[in-house]
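See below for the structure under consideration.
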There are 2 protein chains.
Amino acid sequence: MKDLDYSKAYRLFYPAVPVVVASSYGGKISAMAVVTAVSVSNVPPRVGFASLQTHSTYRTILSSRSFSMSWLDRSLAREVELLGSKRGKGVTDKLRSVGLKHNKGRVLEVPVIDAAVATLECSLVNVVALGDHDFVVGEVKAAYAQTDFSGYWQFKRYKPILYVGSPDRLRMYDP
Amino acid sequence: MKDLDYSKAYRLFYPAVPVVVASSYGGKISAMAVVTAVSVSNVPPRVGFASLQTHSTYRTILSSRSFSMSWLDRSLAREVELLGSKRGKGVTDKLRSVGLKHNKGRVLEVPVIDAAVATLECSLVNVVALGDHDFVVGEVKAAYAQTDFSGYWQFKRYKPILYVGSPDRLRMYDP
């Protein structure tokens, strides 16, 4: 076993399914792809993800106190990759800028991606400082999915993106 | 899109790579498989995972103030599944009880699984209450991996487990 540079330890967690986090405030639509989204509580239902404080989406979430989480099929891997590589600064609608149409949430004023296979609408609960990233925690206020989710994902119509890291950001894990 | 029972929202996050969290205290070896392990900071290097407070491993970590995280190849999926389904109560060495040999860590007094493809040795930083689970945060004090990890995982010798949830706990995602 060879020693690793600690600051690269995050790559051990790959492959991971990227989740698109989106938020809107004052007419601005912010969005980013995260590979650190997890469920942290079932009752009450809560989810979280790690974010740099400098992310445009992070700041929009602090203002709006809400965000959506969306899962996208691997046919949209390029759009998800663009969310990760394009800067949000000066862009009024980050989702449309990468070709992702959206509408308002069912319960909260959050952008919901039309093409998502599943979406959670979340109200902000807490932001926990954990180092160079903060952990953003939200409570689920609405949850819905396409019919491929029947108790569990069936993976018949939904094929998840399995992000393995750079240098080729579009490369996916394929057993 | 059909509405989901909020308390089942955690299943949207599948497939996920299970990570084995292990800790020792007073001669007892505790371990569990988690699907909520993520990197939360690069500098300082920190990782976290969600756990019920009632887990034996959670209590051992609070006593020892340390834990290891290990990644296992899919050839060991059955052992990882056993960690999830067997109770830890009354078992002195949970890892050996499912057939996983281990030794002491390089830097910390944590159990490190011999067959792991990568391991992080972590000191406990914080436990954050987030609902019915706590989020356990550790700082990386040692990190090492097999040669399949070269900058990133190459997935030539290491084939990750991709957990998709019950009812068949050994079923894995296969694109």
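Letters A, B, ... go to the chains of the structure tokens in the order shown; residues in each chain start at 1; ligands are counted from 1 in the same order.
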> Counting only C-alpha atoms, which residues of chain B come no farther than 6 Å from chain A, as number ranges by chain?
Replying inline: B: 1-4, 7, 10, 36, 38-42, 45, 50, 131-133, 143-146
>> Residues within 9 Å of Ser56 of chain A, please, as a VMD selection string. Count only C-alpha atoms; anything in the same chain fewer than 3 positions from it doesn't count.
In response: chain A and resid 30 to 32 53 59 to 61 87 to 89
> What separation in Å, quoted to one decimal, exists between atom CA of Tyr58 of chain A and atom CA of Arg106 of chain A?
Replying inline: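 It comes out at 21.8 Å.
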> In Å to one decimal, how far is atom CA of Ala22 of chain B from atom CA of Glu81 of chain B?
Replying inline: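 Separation of atom CA of Glu81 of chain B and atom CA of Ala22 of chain B: 14.7 Å.
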Tell me, as a compact mmCIF listing (two decimals) with all heavy atoms, in the first residue's frame, which residues lie within 12 Å of Leu82 of chain B, counting only C-alpha atoms; anything in the same chain fewer than 3 positions away does not count.
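So the final result, stored in around-v8.txt, reads:
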```txt
# COMPACT_ATOMS: atom_id res chain seq x y z
N VAL B 20 -16.32 0.75 4.84
CA VAL B 20 -16.31 0.10 6.15
C VAL B 20 -15.64 1.03 7.16
O VAL B 20 -14.47 1.40 7.00
CB VAL B 20 -15.60 -1.26 6.11
CG1 VAL B 20 -15.56 -1.87 7.52
CG2 VAL B 20 -16.32 -2.20 5.15
N ALA B 31 -17.26 -2.45 13.86
CA ALA B 31 -17.21 -2.07 12.45
C ALA B 31 -18.61 -2.05 11.87
O ALA B 31 -19.49 -2.80 12.31
CB ALA B 31 -16.33 -3.04 11.66
N MET B 32 -18.80 -1.20 10.89
CA MET B 32 -20.07 -1.16 10.17
C MET B 32 -19.84 -0.66 8.75
O MET B 32 -18.82 -0.02 8.47
CB MET B 32 -21.08 -0.25 10.88
CG MET B 32 -20.69 1.21 10.95
SD MET B 32 -22.02 2.16 11.78
CE MET B 32 -21.22 3.76 11.94
N ALA B 33 -20.78 -0.98 7.87
CA ALA B 33 -20.71 -0.48 6.50
C ALA B 33 -21.63 0.73 6.40
O ALA B 33 -22.76 0.69 6.89
CB ALA B 33 -21.15 -1.57 5.53
N LEU B 76 -15.41 -8.90 -2.09
CA LEU B 76 -15.70 -9.00 -0.66
C LEU B 76 -17.09 -8.44 -0.33
O LEU B 76 -17.37 -8.09 0.83
CB LEU B 76 -14.62 -8.29 0.15
CG LEU B 76 -13.24 -8.95 0.04
CD1 LEU B 76 -12.15 -8.04 0.59
CD2 LEU B 76 -13.22 -10.29 0.79
N ALA B 77 -17.95 -8.41 -1.32
CA ALA B 77 -19.30 -7.84 -1.11
C ALA B 77 -20.05 -8.60 -0.01
O ALA B 77 -20.79 -7.99 0.78
CB ALA B 77 -20.09 -7.86 -2.41
N ARG B 78 -19.87 -9.92 0.06
CA ARG B 78 -20.60 -10.69 1.05
C ARG B 78 -20.18 -10.32 2.47
O ARG B 78 -21.01 -10.17 3.36
CB ARG B 78 -20.40 -12.19 0.82
CG ARG B 78 -21.21 -13.02 1.79
CD ARG B 78 -21.30 -14.48 1.39
NE ARG B 78 -21.71 -15.25 2.57
CZ ARG B 78 -22.90 -15.18 3.14
NH1 ARG B 78 -23.83 -14.39 2.62
NH2 ARG B 78 -23.18 -15.88 4.22
N GLU B 79 -18.88 -10.12 2.68
CA GLU B 79 -18.38 -9.72 3.99
C GLU B 79 -18.94 -8.33 4.39
O GLU B 79 -19.31 -8.11 5.54
CB GLU B 79 -16.84 -9.69 3.99
CG GLU B 79 -16.16 -11.06 4.01
CD GLU B 79 -16.18 -11.80 2.67
OE1 GLU B 79 -16.74 -11.28 1.68
OE2 GLU B 79 -15.61 -12.91 2.61
N SER B 85 -25.70 -6.62 8.25
CA SER B 85 -26.85 -7.40 8.71
C SER B 85 -26.63 -8.06 10.07
O SER B 85 -27.59 -8.35 10.78
CB SER B 85 -27.22 -8.47 7.67
OG SER B 85 -26.12 -9.31 7.39
N LYS B 86 -25.37 -8.29 10.46
CA LYS B 86 -25.10 -8.92 11.77
C LYS B 86 -25.05 -7.88 12.87
O LYS B 86 -24.47 -6.81 12.69
CB LYS B 86 -23.74 -9.65 11.73
CG LYS B 86 -23.80 -11.05 11.18
CD LYS B 86 -22.44 -11.74 11.32
CE LYS B 86 -22.17 -12.24 12.73
NZ LYS B 86 -21.01 -13.17 12.77
N ARG B 87 -25.62 -8.19 14.01
CA ARG B 87 -25.58 -7.27 15.15
C ARG B 87 -24.19 -7.26 15.76
O ARG B 87 -23.50 -8.28 15.79
CB ARG B 87 -26.59 -7.72 16.22
CG ARG B 87 -28.03 -7.69 15.75
CD ARG B 87 -28.67 -6.35 15.97
NE ARG B 87 -28.61 -5.98 17.39
CZ ARG B 87 -29.07 -4.83 17.86
NH1 ARG B 87 -29.60 -3.95 17.06
NH2 ARG B 87 -29.00 -4.56 19.15
N GLY B 88 -23.77 -6.10 16.30
CA GLY B 88 -22.46 -5.98 16.93
C GLY B 88 -22.48 -6.31 18.41
O GLY B 88 -21.43 -6.55 19.00
N LYS B 94 -15.88 -7.65 15.62
CA LYS B 94 -16.89 -7.67 14.56
C LYS B 94 -16.26 -7.98 13.20
O LYS B 94 -16.84 -8.71 12.39
CB LYS B 94 -17.60 -6.31 14.53
CG LYS B 94 -18.72 -6.19 13.50
CD LYS B 94 -19.97 -6.92 13.90
CE LYS B 94 -21.08 -6.80 12.87
NZ LYS B 94 -21.77 -5.52 12.89
N LEU B 95 -15.06 -7.45 12.97
CA LEU B 95 -14.42 -7.68 11.67
C LEU B 95 -14.11 -9.16 11.46
O LEU B 95 -14.45 -9.75 10.44
CB LEU B 95 -13.14 -6.83 11.55
CG LEU B 95 -13.36 -5.33 11.34
CD1 LEU B 95 -12.04 -4.57 11.42
CD2 LEU B 95 -14.05 -5.06 10.00
N ARG B 96 -13.47 -9.78 12.47
CA ARG B 96 -13.14 -11.21 12.31
C ARG B 96 -14.39 -12.06 12.27
O ARG B 96 -14.41 -13.11 11.63
CB ARG B 96 -12.22 -11.66 13.45
CG ARG B 96 -10.78 -11.25 13.17
CD ARG B 96 -9.79 -11.89 14.13
NE ARG B 96 -8.46 -11.33 13.90
CZ ARG B 96 -7.55 -11.89 13.11
NH1 ARG B 96 -7.79 -13.03 12.49
NH2 ARG B 96 -6.38 -11.31 12.92
N SER B 97 -15.46 -11.61 12.94
CA SER B 97 -16.71 -12.40 12.95
C SER B 97 -17.32 -12.51 11.55
O SER B 97 -18.12 -13.39 11.29
CB SER B 97 -17.72 -11.78 13.93
OG SER B 97 -18.37 -10.67 13.35
N VAL B 98 -16.94 -11.59 10.65
CA VAL B 98 -17.43 -11.71 9.27
C VAL B 98 -16.30 -12.13 8.33
O VAL B 98 -16.46 -12.10 7.10
CB VAL B 98 -18.09 -10.40 8.76
CG1 VAL B 98 -19.25 -9.99 9.66
CG2 VAL B 98 -17.07 -9.26 8.65
N GLY B 99 -15.15 -12.49 8.89
CA GLY B 99 -14.07 -13.02 8.05
C GLY B 99 -13.07 -12.00 7.56
O GLY B 99 -12.29 -12.29 6.63
N LEU B 100 -13.05 -10.82 8.18
CA LEU B 100 -12.11 -9.79 7.73
C LEU B 100 -10.97 -9.64 8.75
O LEU B 100 -11.16 -9.14 9.86
CB LEU B 100 -12.83 -8.45 7.55
CG LEU B 100 -13.84 -8.38 6.40
CD1 LEU B 100 -14.64 -7.08 6.45
CD2 LEU B 100 -13.15 -8.53 5.04
N ARG B 169 -29.73 -7.65 -0.74
CA ARG B 169 -28.66 -6.75 -0.32
C ARG B 169 -27.37 -6.97 -1.08
O ARG B 169 -26.47 -6.15 -1.03
CB ARG B 169 -28.42 -6.91 1.18
CG ARG B 169 -29.64 -6.52 2.00
CD ARG B 169 -29.41 -6.77 3.46
NE ARG B 169 -28.37 -5.91 3.97
CZ ARG B 169 -28.56 -4.86 4.76
NH1 ARG B 169 -29.76 -4.52 5.13
NH2 ARG B 169 -27.55 -4.15 5.20
N LEU B 170 -27.25 -8.09 -1.76
CA LEU B 170 -26.01 -8.35 -2.52
C LEU B 170 -26.11 -7.95 -3.98
O LEU B 170 -25.15 -8.03 -4.72
CB LEU B 170 -25.61 -9.83 -2.40
CG LEU B 170 -24.82 -10.17 -1.12
CD1 LEU B 170 -24.58 -11.64 -1.03
CD2 LEU B 170 -23.49 -9.42 -1.09
```
